[in-house]
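Undergrad: I am sharing work.cif, which consists of mmCIF, C-alpha atoms and all ligand atoms:
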data_run
#
loop_
_atom_site.label_atom_id
_atom_site.label_comp_id
_atom_site.auth_asym_id
_atom_site.auth_seq_id
_atom_site.Cartn_x
_atom_site.Cartn_y
_atom_site.Cartn_z
CA MET A 1 -16.07 4.50 11.91
CA LYS A 2 -19.46 5.29 10.41
CA THR A 3 -18.33 4.88 6.82
CA ASN A 4 -19.46 1.66 5.12
CA LYS A 5 -17.12 -1.27 5.39
CA THR A 6 -17.25 -4.85 4.15
CA PRO A 7 -14.90 -7.34 5.84
CA LEU A 8 -12.38 -8.90 3.45
CA GLY A 9 -9.21 -9.62 5.41
CA PHE A 10 -7.91 -11.07 8.67
CA PHE A 11 -7.00 -8.44 11.25
CA PRO A 12 -5.00 -7.51 13.23
CA THR A 13 -2.02 -8.54 11.11
CA PRO A 14 0.95 -9.88 13.09
CA LEU A 15 3.60 -7.61 14.57
CA HIS A 16 6.93 -9.13 15.53
CA GLU A 17 10.61 -8.43 15.93
CA LEU A 18 13.21 -9.15 13.22
CA LYS A 19 15.60 -10.72 15.69
CA HIS A 20 18.08 -12.24 13.23
CA PHE A 21 18.11 -9.37 10.78
CA GLY A 22 18.39 -6.99 13.74
CA ARG A 23 21.67 -8.56 14.92
CA ALA A 24 23.50 -6.58 12.27
CA PHE A 25 22.21 -3.36 13.94
CA PRO A 26 22.92 -3.69 17.66
CA SER A 27 21.98 -0.08 18.44
CA TYR A 28 18.41 -0.60 17.22
CA ARG A 29 15.48 -2.94 17.61
CA VAL A 30 13.76 -3.70 14.30
CA PHE A 31 10.13 -4.86 14.04
CA ILE A 32 7.81 -5.77 11.18
CA LYS A 33 4.05 -5.38 10.68
CA ARG A 34 2.76 -8.11 8.39
CA ASP A 35 0.25 -6.61 5.97
CA ASP A 36 1.59 -9.20 3.54
CA HIS A 37 -0.72 -11.44 5.61
CA THR A 38 -4.05 -9.64 5.23
CA GLY A 39 -5.36 -12.86 3.72
CA LEU A 40 -6.96 -11.68 0.48
CA ALA A 41 -5.58 -13.91 -2.32
CA SER A 42 -1.98 -13.55 -1.09
CA GLY A 43 -2.51 -10.34 0.88
CA GLY A 44 -1.17 -6.81 0.77
CA ASN A 45 -1.99 -3.28 1.79
CA LYS A 46 -4.86 -2.80 -0.69
CA THR A 47 -7.04 -5.18 1.33
CA ARG A 48 -7.54 -2.56 4.06
CA LYS A 49 -8.53 0.10 1.52
CA LEU A 50 -10.83 -2.30 -0.34
CA GLU A 51 -12.84 -3.05 2.80
CA TYR A 52 -14.00 0.57 2.70
CA LEU A 53 -14.08 0.99 -1.08
CA LEU A 54 -16.19 -2.12 -1.68
CA GLY A 55 -18.33 -1.23 1.33
CA ASP A 56 -19.04 2.06 -0.43
CA ALA A 57 -19.63 0.34 -3.81
CA LEU A 58 -22.14 -2.09 -2.27
CA ALA A 59 -23.91 0.72 -0.38
CA GLN A 60 -24.29 2.57 -3.69
CA GLY A 61 -25.81 -0.50 -5.35
CA ALA A 62 -22.97 -1.06 -7.81
CA ASP A 63 -22.80 -4.36 -9.71
CA THR A 64 -19.38 -3.85 -11.29
CA VAL A 65 -16.04 -2.46 -10.13
CA ILE A 66 -13.49 -0.81 -12.41
CA THR A 67 -9.92 -0.10 -11.46
CA GLY A 68 -6.53 0.09 -13.13
CA GLY A 69 -2.79 -0.14 -12.74
CA ALA A 70 0.37 -1.76 -14.02
CA GLN A 71 0.28 -5.31 -15.34
CA GLN A 72 1.81 -6.60 -12.09
CA SER A 73 -0.56 -4.47 -9.96
CA ASN A 74 -1.14 -5.91 -6.50
CA HIS A 75 -4.02 -3.49 -6.11
CA CYS A 76 -5.77 -4.92 -9.19
CA ARG A 77 -5.22 -8.52 -8.04
CA GLN A 78 -6.66 -7.77 -4.59
CA THR A 79 -9.58 -5.90 -6.18
CA ALA A 80 -10.31 -8.94 -8.38
CA ALA A 81 -10.32 -11.15 -5.26
CA ALA A 82 -12.47 -8.70 -3.29
CA CYS A 83 -15.01 -8.57 -6.14
CA ALA A 84 -15.14 -12.37 -6.31
CA ALA A 85 -15.73 -12.47 -2.55
CA THR A 86 -18.57 -9.91 -2.66
CA GLY A 87 -20.30 -10.99 -5.87
CA LEU A 88 -19.30 -7.98 -7.98
CA LYS A 89 -17.99 -8.06 -11.55
CA CYS A 90 -14.48 -6.74 -11.97
CA HIS A 91 -12.92 -4.87 -14.91
CA LEU A 92 -9.19 -4.09 -14.80
CA LEU A 93 -7.38 -1.61 -17.05
CA LEU A 94 -3.76 -2.71 -17.09
CA GLY A 95 -0.64 -1.31 -18.71
CA GLY A 96 1.20 -3.11 -21.49
CA GLU A 97 0.03 -5.59 -24.10
CA GLU A 98 -1.64 -8.93 -23.56
CA PRO A 99 1.17 -11.44 -22.92
CA LEU A 100 1.23 -14.91 -24.42
CA ARG A 101 1.35 -16.41 -20.96
CA PRO A 102 0.04 -14.44 -17.94
CA GLU A 103 2.34 -14.41 -14.91
CA GLY A 104 2.36 -13.25 -11.31
CA ASN A 105 -0.42 -10.85 -10.35
CA LEU A 106 -1.91 -10.86 -13.85
CA LEU A 107 -2.27 -14.64 -13.76
CA LEU A 108 -4.02 -14.39 -10.38
CA SER A 109 -6.34 -11.57 -11.51
CA LYS A 110 -7.45 -13.73 -14.43
CA MET A 111 -7.87 -16.78 -12.19
CA LEU A 112 -10.02 -14.61 -9.91
CA GLY A 113 -12.35 -13.90 -12.82
CA ALA A 114 -11.55 -10.28 -13.71
CA THR A 115 -12.11 -8.96 -17.25
CA ILE A 116 -8.81 -7.45 -18.42
CA HIS A 117 -8.35 -4.48 -20.78
CA TYR A 118 -4.80 -3.71 -21.93
CA GLY A 119 -3.84 -0.04 -22.17
CA GLY A 120 -0.29 -0.05 -23.57
CA GLU A 121 1.57 3.00 -22.23
CA LYS A 122 -1.24 3.81 -19.81
CA ARG A 123 -0.46 2.09 -16.52
CA LYS A 124 -2.49 4.24 -14.13
CA GLY A 125 -6.00 3.45 -15.33
CA GLU A 126 -6.27 6.64 -17.40
CA ASP A 127 -9.33 5.38 -19.35
CA MET A 128 -11.43 4.15 -16.42
CA ASP A 129 -14.10 6.87 -16.73
CA MET A 130 -14.54 6.07 -20.42
CA LEU A 131 -15.01 2.39 -19.64
CA ALA A 132 -17.49 3.29 -16.87
CA GLU A 133 -19.52 5.37 -19.34
CA ASP A 134 -19.51 2.50 -21.79
CA LEU A 135 -20.68 -0.02 -19.15
CA ARG A 136 -23.37 2.39 -17.94
CA ARG A 137 -24.72 2.71 -21.47
CA ARG A 138 -24.99 -1.07 -21.53
CA GLY A 139 -27.07 -1.11 -18.35
CA HIS A 140 -24.44 -1.85 -15.71
CA ARG A 141 -23.83 0.07 -12.48
CA PRO A 142 -20.05 0.54 -12.34
CA TYR A 143 -18.08 1.87 -9.37
CA VAL A 144 -14.68 3.32 -10.24
CA ILE A 145 -11.81 2.81 -7.80
CA PRO A 146 -8.91 5.21 -8.50
CA TYR A 147 -5.33 4.12 -9.15
CA GLY A 148 -4.00 2.25 -6.11
CA GLY A 149 -7.36 2.56 -4.33
CA SER A 150 -6.05 5.89 -3.11
CA ASN A 151 -8.78 8.32 -2.18
CA ALA A 152 -10.42 9.45 1.06
CA VAL A 153 -12.54 6.28 1.32
CA GLY A 154 -9.61 3.92 0.81
CA ALA A 155 -7.43 5.89 3.23
CA MET A 156 -9.88 5.03 6.03
CA GLY A 157 -8.35 1.54 5.96
CA TYR A 158 -5.01 2.94 7.11
CA LEU A 159 -6.56 5.34 9.59
CA GLU A 160 -8.03 2.21 11.15
CA ALA A 161 -4.67 0.42 10.80
CA SER A 162 -3.05 3.18 12.90
CA ALA A 163 -5.45 2.39 15.72
CA GLU A 164 -4.77 -1.34 15.25
CA LEU A 165 -1.02 -0.79 15.54
CA MET A 166 -1.38 1.46 18.59
CA LYS A 167 -3.45 -1.21 20.35
CA GLN A 168 -0.87 -3.90 19.54
CA LEU A 169 1.95 -1.71 20.83
CA ARG A 170 0.04 -0.90 24.01
CA GLU A 171 -0.64 -4.58 24.66
CA ALA A 172 3.01 -5.50 24.03
CA GLY A 173 4.32 -2.60 26.11
CA LEU A 174 6.24 -1.31 23.10
CA LYS A 175 6.71 2.06 21.45
CA MET A 176 7.86 2.65 17.87
CA ASP A 177 10.01 5.63 16.94
CA TYR A 178 10.05 5.21 13.15
CA ILE A 179 7.81 3.49 10.61
CA TYR A 180 9.31 2.74 7.19
CA PHE A 181 6.98 1.76 4.35
CA ALA A 182 6.64 1.97 0.57
CA THR A 183 4.50 4.84 -0.71
CA SER A 184 3.34 5.09 -4.30
CA SER A 185 -0.23 6.21 -4.94
CA GLY A 186 -0.31 7.74 -1.45
CA GLY A 187 -3.44 6.25 0.13
CA MET A 188 -1.62 4.32 2.83
CA GLN A 189 0.53 7.34 3.67
CA ALA A 190 -2.53 9.60 3.81
CA GLY A 191 -4.29 7.18 6.18
CA LEU A 192 -1.30 6.83 8.49
CA THR A 193 -0.76 10.59 8.46
CA LEU A 194 -4.38 11.04 9.56
CA GLY A 195 -3.78 8.39 12.21
CA ARG A 196 -0.85 10.36 13.62
CA ALA A 197 -2.91 13.55 13.77
CA ILE A 198 -6.18 12.10 15.04
CA TYR A 199 -5.15 9.20 17.27
CA GLY A 200 -1.77 10.55 18.30
CA LEU A 201 0.32 7.71 16.82
CA SER A 202 3.71 8.98 17.91
CA ALA A 203 6.11 7.19 15.53
CA ARG A 204 7.70 9.26 12.80
CA LEU A 205 6.54 8.19 9.35
CA MET A 206 9.31 7.33 6.88
CA PRO A 207 7.45 6.85 3.56
CA VAL A 208 9.85 5.67 0.86
CA GLN A 209 8.83 7.03 -2.54
CA ILE A 210 8.72 4.19 -5.08
CA ASP A 211 7.61 5.92 -8.28
CA LYS A 212 8.91 9.29 -9.45
CA ALA A 213 6.15 9.75 -12.02
CA GLU A 214 3.32 12.18 -11.24
CA SER A 215 -0.24 10.94 -10.90
CA GLY A 216 -3.17 12.98 -12.21
CA GLY A 217 -0.80 15.92 -12.81
CA MET A 218 0.19 16.07 -9.12
CA SER A 219 3.27 15.09 -7.17
CA LEU A 220 2.97 12.30 -4.63
CA GLU A 221 3.14 14.80 -1.74
CA GLN A 222 0.31 16.85 -3.23
CA ASN A 223 -1.75 13.69 -3.68
CA VAL A 224 -1.14 12.60 -0.07
CA ARG A 225 -2.27 16.03 1.23
CA ARG A 226 -5.33 16.04 -1.01
CA ILE A 227 -6.38 12.52 0.01
CA ALA A 228 -5.84 13.26 3.72
CA GLU A 229 -7.77 16.56 3.55
CA GLU A 230 -10.66 14.82 1.79
CA GLY A 231 -10.48 12.14 4.48
CA LEU A 232 -10.84 14.80 7.16
CA GLN A 233 -13.95 16.09 5.41
CA VAL A 234 -15.46 12.61 5.21
CA LEU A 235 -14.86 12.13 8.95
CA GLN A 236 -16.27 15.54 9.84
CA GLN A 237 -19.37 14.96 7.74
CA ALA A 238 -19.86 11.62 9.49
CA GLY A 239 -19.65 13.47 12.83
CA GLN A 240 -16.47 11.58 13.74
CA LEU A 241 -14.17 14.53 14.10
CA SER A 242 -14.27 17.87 15.86
CA PRO A 243 -12.89 21.00 14.14
CA GLU A 244 -10.06 21.02 16.73
CA GLU A 245 -9.06 17.47 15.81
CA ALA A 246 -9.17 18.39 12.12
CA LEU A 247 -6.87 21.34 12.82
CA ARG A 248 -4.22 19.04 14.29
CA PHE A 249 -3.68 17.64 10.82
CA GLN A 250 -2.50 20.98 9.45
CA GLY A 251 0.90 20.64 11.11
CA GLU A 252 1.50 17.08 9.88
CA ALA A 253 4.31 16.56 7.41
CA THR A 254 3.49 14.73 4.17
CA GLY A 255 7.00 14.58 2.74
CA THR A 256 8.46 11.37 1.34
CA LEU A 257 11.97 9.88 1.31
CA LYS A 258 13.32 10.43 -2.16
CA GLY A 259 16.35 9.19 -4.03
CA TYR A 260 15.58 5.47 -3.81
CA ASP A 261 13.51 5.49 -7.00
CA GLU A 262 16.33 6.11 -9.47
CA ALA A 263 16.15 2.66 -11.10
CA GLY A 264 12.59 3.56 -12.24
CA TYR A 265 9.19 2.16 -11.32
CA ALA A 266 9.08 -1.66 -11.23
CA ARG A 267 12.79 -1.98 -12.06
CA MET A 268 14.68 -3.97 -9.45
CA SER A 269 18.17 -2.65 -8.67
CA GLN A 270 21.04 -4.86 -7.46
CA GLU A 271 20.62 -3.39 -3.94
CA GLU A 272 16.92 -4.25 -3.99
CA LYS A 273 17.61 -7.79 -5.13
CA GLN A 274 20.11 -8.17 -2.27
CA ALA A 275 17.50 -6.78 0.16
CA ILE A 276 15.02 -9.46 -0.96
CA LEU A 277 17.52 -12.30 -0.69
CA GLY A 278 18.92 -10.95 2.58
CA LEU A 279 15.58 -10.85 4.41
CA ALA A 280 14.54 -14.18 2.87
CA ARG A 281 17.69 -15.82 4.20
CA THR A 282 17.82 -14.24 7.65
CA GLU A 283 14.11 -14.32 8.54
CA GLY A 284 12.33 -16.50 5.96
CA ILE A 285 10.24 -13.48 4.93
CA LEU A 286 9.65 -12.64 1.26
CA LEU A 287 9.60 -9.05 0.01
CA ASP A 288 8.54 -8.01 -3.52
CA PRO A 289 10.64 -6.57 -6.38
CA VAL A 290 8.56 -3.38 -6.94
CA TYR A 291 7.68 -1.85 -3.56
CA THR A 292 8.86 -3.53 -0.40
CA ALA A 293 12.40 -4.33 -1.61
CA ARG A 294 12.90 -0.60 -2.31
CA ALA A 295 11.47 0.45 1.06
CA PHE A 296 13.37 -2.23 2.96
CA TYR A 297 16.62 -1.27 1.24
CA ALA A 298 15.98 2.39 2.15
CA MET A 299 15.42 1.45 5.79
CA THR A 300 18.60 -0.69 5.85
CA ASP A 301 20.53 2.19 4.29
CA HIS A 302 19.24 4.53 7.02
CA LEU A 303 20.20 2.07 9.75
CA ASN A 304 23.69 1.67 8.25
CA ARG A 305 24.05 5.46 8.13
CA LYS A 306 22.70 5.70 11.70
CA ILE A 307 20.01 8.18 10.71
CA PRO A 308 17.59 7.08 13.49
CA GLU A 309 18.97 7.91 16.96
CA ALA A 310 20.73 5.04 18.73
CA GLY A 311 18.29 2.99 20.81
CA SER A 312 15.37 3.64 18.44
CA HIS A 313 12.66 1.10 17.79
CA VAL A 314 12.15 0.89 14.06
CA LEU A 315 9.15 -0.70 12.33
CA PHE A 316 9.02 -1.93 8.75
CA TRP A 317 5.42 -2.07 7.52
CA HIS A 318 5.35 -4.94 5.00
CA THR A 319 2.75 -4.10 2.36
CA GLY A 320 2.72 -7.37 0.39
CA GLY A 321 3.44 -7.91 -3.30
CA LEU A 322 4.62 -11.53 -3.25
CA PRO A 323 3.17 -12.54 -6.68
CA ALA A 324 5.35 -10.08 -8.64
CA ASN A 325 8.35 -12.27 -7.73
CA PHE A 326 6.89 -14.86 -10.13
CA SER A 327 6.94 -12.50 -13.09
CA SER A 328 9.74 -13.19 -15.59
CA ASN A 329 10.46 -9.42 -15.58
CA TYR A 330 12.71 -10.17 -12.61
CA ASN A 331 15.89 -12.17 -12.84
CA PHE A 332 17.03 -13.38 -9.46
CA PHE A 333 19.49 -16.04 -10.67
C1 LIG A 401 0.26 -0.37 -3.62
C2 LIG A 401 1.41 -0.86 -2.86
C3 LIG A 401 2.17 0.01 -2.06
C4 LIG A 401 1.94 1.49 -2.00
O1 LIG A 401 0.77 1.88 -1.33
P1 LIG A 401 0.03 3.21 -1.78
O2 LIG A 401 -1.11 3.34 -0.86
O3 LIG A 401 -0.36 3.01 -3.21
O4 LIG A 401 0.99 4.34 -1.66
C5 LIG A 401 3.21 -0.53 -1.33
N1 LIG A 401 3.50 -1.83 -1.38
C6 LIG A 401 2.82 -2.70 -2.14
C7 LIG A 401 3.24 -4.12 -2.17
C8 LIG A 401 1.74 -2.24 -2.91
O5 LIG A 401 1.05 -3.11 -3.66
#
Would you write out, as structure tokens, the structure that this file holds?
TA:
Amino acid sequence: MKTNKTPLGFFPTPLHELKHFGRAFPSYRVFIKRDDHTGLASGGNKTRKLEYLLGDALAQGADTVITGGAQQSNHCRQTAAACAATGLKCHLLLGGEEPLRPEGNLLLSKMLGATIHYGGEKRKGEDMDMLAEDLRRRGHRPYVIPYGGSNAVGAMGYLEASAELMKQLREAGLKMDYIYFATSSGGMQAGLTLGRAIYGLSARLMPVQIDKAESGGMSLEQNVRRIAEEGLQVLQQAGQLSPEEALRFQGEATGTLKGYDEAGYARMSQEEKQAILGLARTEGILLDPVYTARAFYAMTDHLNRKIPEAGSHVLFWHTGGLPANFSSNYNFF
């Protein structure tokens, strides 16, 4: 890809079968892709996006990065780590009030040297442009990364991840029929959707919607389409895509699996807690209470209801989030 990229993680991430967990579902084979092991200060799916976003920031001569999210944002923690690793200053706009004792991702973001601004009700970085203006006036060169790192540049990380997965499958002589993953700000979904259209990744995408709330006045589906269409333009401008290849995207679905988000964003349901403990105790793999528990529960529910055809190979794409388990918002015991 001709777009700028700065290496931040360790790739390819492992792909392996969930042999013990899978015993409960004899008509399927269940696999996992470990983007919880991307390596950037406890890993996660934002690392792939940040390789392109920080590549772009550095190419533009930025000295500061601004982004925003919830107080337990994995995206913000990985951005803080990526900035530390590339010598950029990092400002984070986080929801809520300053706690007496920082926990989980917030603790790590502070350890990684980020400057934190607390936004109360605003948990999607609503005031980032204002902060950028302010920093510019004071002589800095800020680069604003949108909520979740989800734009055309960030999505390139998951276009590349599609190719990475296809290569791993080819080498292992495997084929996946379904890919379940958590979708929230839509950048990962947009990248994988582009990967299906451009590289011919054949698995059906099963994006589990985590957050019902709109973002920037648009539904998640609208955001996914917008990000993917902008991604197509970026690739065409870079001479990486023919008009015929771009056309293939038009038929791609961008729908999400709904109905698993009823507990509300960042609220762990009983089923989600059981999903975390279940996978921990059958495979020694830790999910997170905001994203991956919800997506993993949704996949398990589909397998129980036999929604994928018998004999299917099903992949769970683990997107990280470990530190949120250490927030006292979540009561496991
Ligand atoms: C951000 C995040 C997601 C969702 O990815 P988007 O690209 O924002 O849709 C899923 N899982 C975890 C752990 C995340 O931090």
Undergrad: I'd like the contact shell of stretch 161-174 of chain A - 12 Å cut-off, all atoms listed in the file, skipping same-chain residues fewer than 6 positions apart - returned as number ranges by chain.
TA: A: 1, 11-17, 29-35, 38, 45-49, 51, 154-155, 188-203, 205, 312-315, 317
Undergrad: Identify, counting all atoms listed in the file, the protein, DNA and RNA residues located within 7 Å of ligand LIG 401 (chain A), and give them as a PyMOL selection string.
TA: chain A and resi 44-46+73-75+148+150+182-189+288+291-292+319-321
Undergrad: Quick one: residues within 10 Å of stretch 130-145 of chain A, all atoms listed in the file counted, chain neighbours fewer than 3 positions away excluded, as a JSON list (two decimals) with C-alpha atoms, keeping the file's coordinate frame?
TA:
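The new file part-v8.json reads:
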[["chain", "number", "residue", "atom", "x", "y", "z"],
["A", 50, "LEU", "CA", -10.83, -2.30, -0.34],
["A", 53, "LEU", "CA", -14.08, 0.99, -1.08],
["A", 54, "LEU", "CA", -16.19, -2.12, -1.68],
["A", 56, "ASP", "CA", -19.04, 2.06, -0.43],
["A", 57, "ALA", "CA", -19.63, 0.34, -3.81],
["A", 58, "LEU", "CA", -22.14, -2.09, -2.27],
["A", 60, "GLN", "CA", -24.29, 2.57, -3.69],
["A", 61, "GLY", "CA", -25.81, -0.50, -5.35],
["A", 62, "ALA", "CA", -22.97, -1.06, -7.81],
["A", 63, "ASP", "CA", -22.80, -4.36, -9.71],
["A", 64, "THR", "CA", -19.38, -3.85, -11.29],
["A", 65, "VAL", "CA", -16.04, -2.46, -10.13],
["A", 66, "ILE", "CA", -13.49, -0.81, -12.41],
["A", 67, "THR", "CA", -9.92, -0.10, -11.46],
["A", 68, "GLY", "CA", -6.53, 0.09, -13.13],
["A", 76, "CYS", "CA", -5.77, -4.92, -9.19],
["A", 79, "THR", "CA", -9.58, -5.90, -6.18],
["A", 88, "LEU", "CA", -19.30, -7.98, -7.98],
["A", 89, "LYS", "CA", -17.99, -8.06, -11.55],
["A", 90, "CYS", "CA", -14.48, -6.74, -11.97],
["A", 91, "HIS", "CA", -12.92, -4.87, -14.91],
["A", 92, "LEU", "CA", -9.19, -4.09, -14.80],
["A", 93, "LEU", "CA", -7.38, -1.61, -17.05],
["A", 117, "HIS", "CA", -8.35, -4.48, -20.78],
["A", 125, "GLY", "CA", -6.00, 3.45, -15.33],
["A", 126, "GLU", "CA", -6.27, 6.64, -17.40],
["A", 127, "ASP", "CA", -9.33, 5.38, -19.35],
["A", 148, "GLY", "CA", -4.00, 2.25, -6.11],
["A", 149, "GLY", "CA", -7.36, 2.56, -4.33],
["A", 150, "SER", "CA", -6.05, 5.89, -3.11],
["A", 151, "ASN", "CA", -8.78, 8.32, -2.18],
["A", 153, "VAL", "CA", -12.54, 6.28, 1.32],
["A", 154, "GLY", "CA", -9.61, 3.92, 0.81]]
Undergrad: One decimal, in Å: what's the spacing between atom CA of A:Ala310 and atom CA of A:Ile276?
TA: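 Atom CA of A:Ala310 sits 25.1 Å away from atom CA of A:Ile276.
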Undergrad: For A:Phe181, which of A:Pro99, A:Val208, A:Leu220, A:Pro308 is the closest residue, counting only C-alpha atoms?
TA: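 Smallest separation from A:Phe181 among the options: A:Val208.
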Undergrad: From the options A:Tyr147, A:Tyr260, A:Tyr118, A:Tyr265, which residue's atoms come nearest to A:Asp301, counting only C-alpha atoms?
TA: A:Tyr260
Undergrad: Could you please determine the separation between atom CA of A:Gly311 and atom CA of A:Ala253 in Å, to one decimal place?
TA: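 The value is 23.6 Å.
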Undergrad: As an exercise, work out the distance from atom CA of A:Val224 to atom CA of A:Asn304 in Å and give it to one decimal place.
TA: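 So the two atoms, atom CA of A:Val224 and atom CA of A:Asn304, lie 28.4 Å apart.
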Undergrad: With only C-alpha atoms as the counted atoms, please give the residues lying no more than 6 Å from A:Tyr180, apart from itself and same-chain residues fewer than 5 positions off, as a list in words.
TA: Met206, Pro207 and Phe316 of chain A
Undergrad: Taking only C-alpha atoms into account, which of A:Tyr52, A:Arg226, A:Arg267, A:Gly217 comes nearest A:Gln250?
TA: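 Going through A:Tyr52, A:Arg226, A:Arg267, A:Gly217 one by one, the smallest distance to A:Gln250 is for A:Arg226.
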Undergrad: Compare A:Arg101, A:Lys306, A:Arg77, A:His37 by their minimum atom-to-atom distance to A:Leu287, counting all atoms listed in the file, and give me the closest one.
TA: A:His37
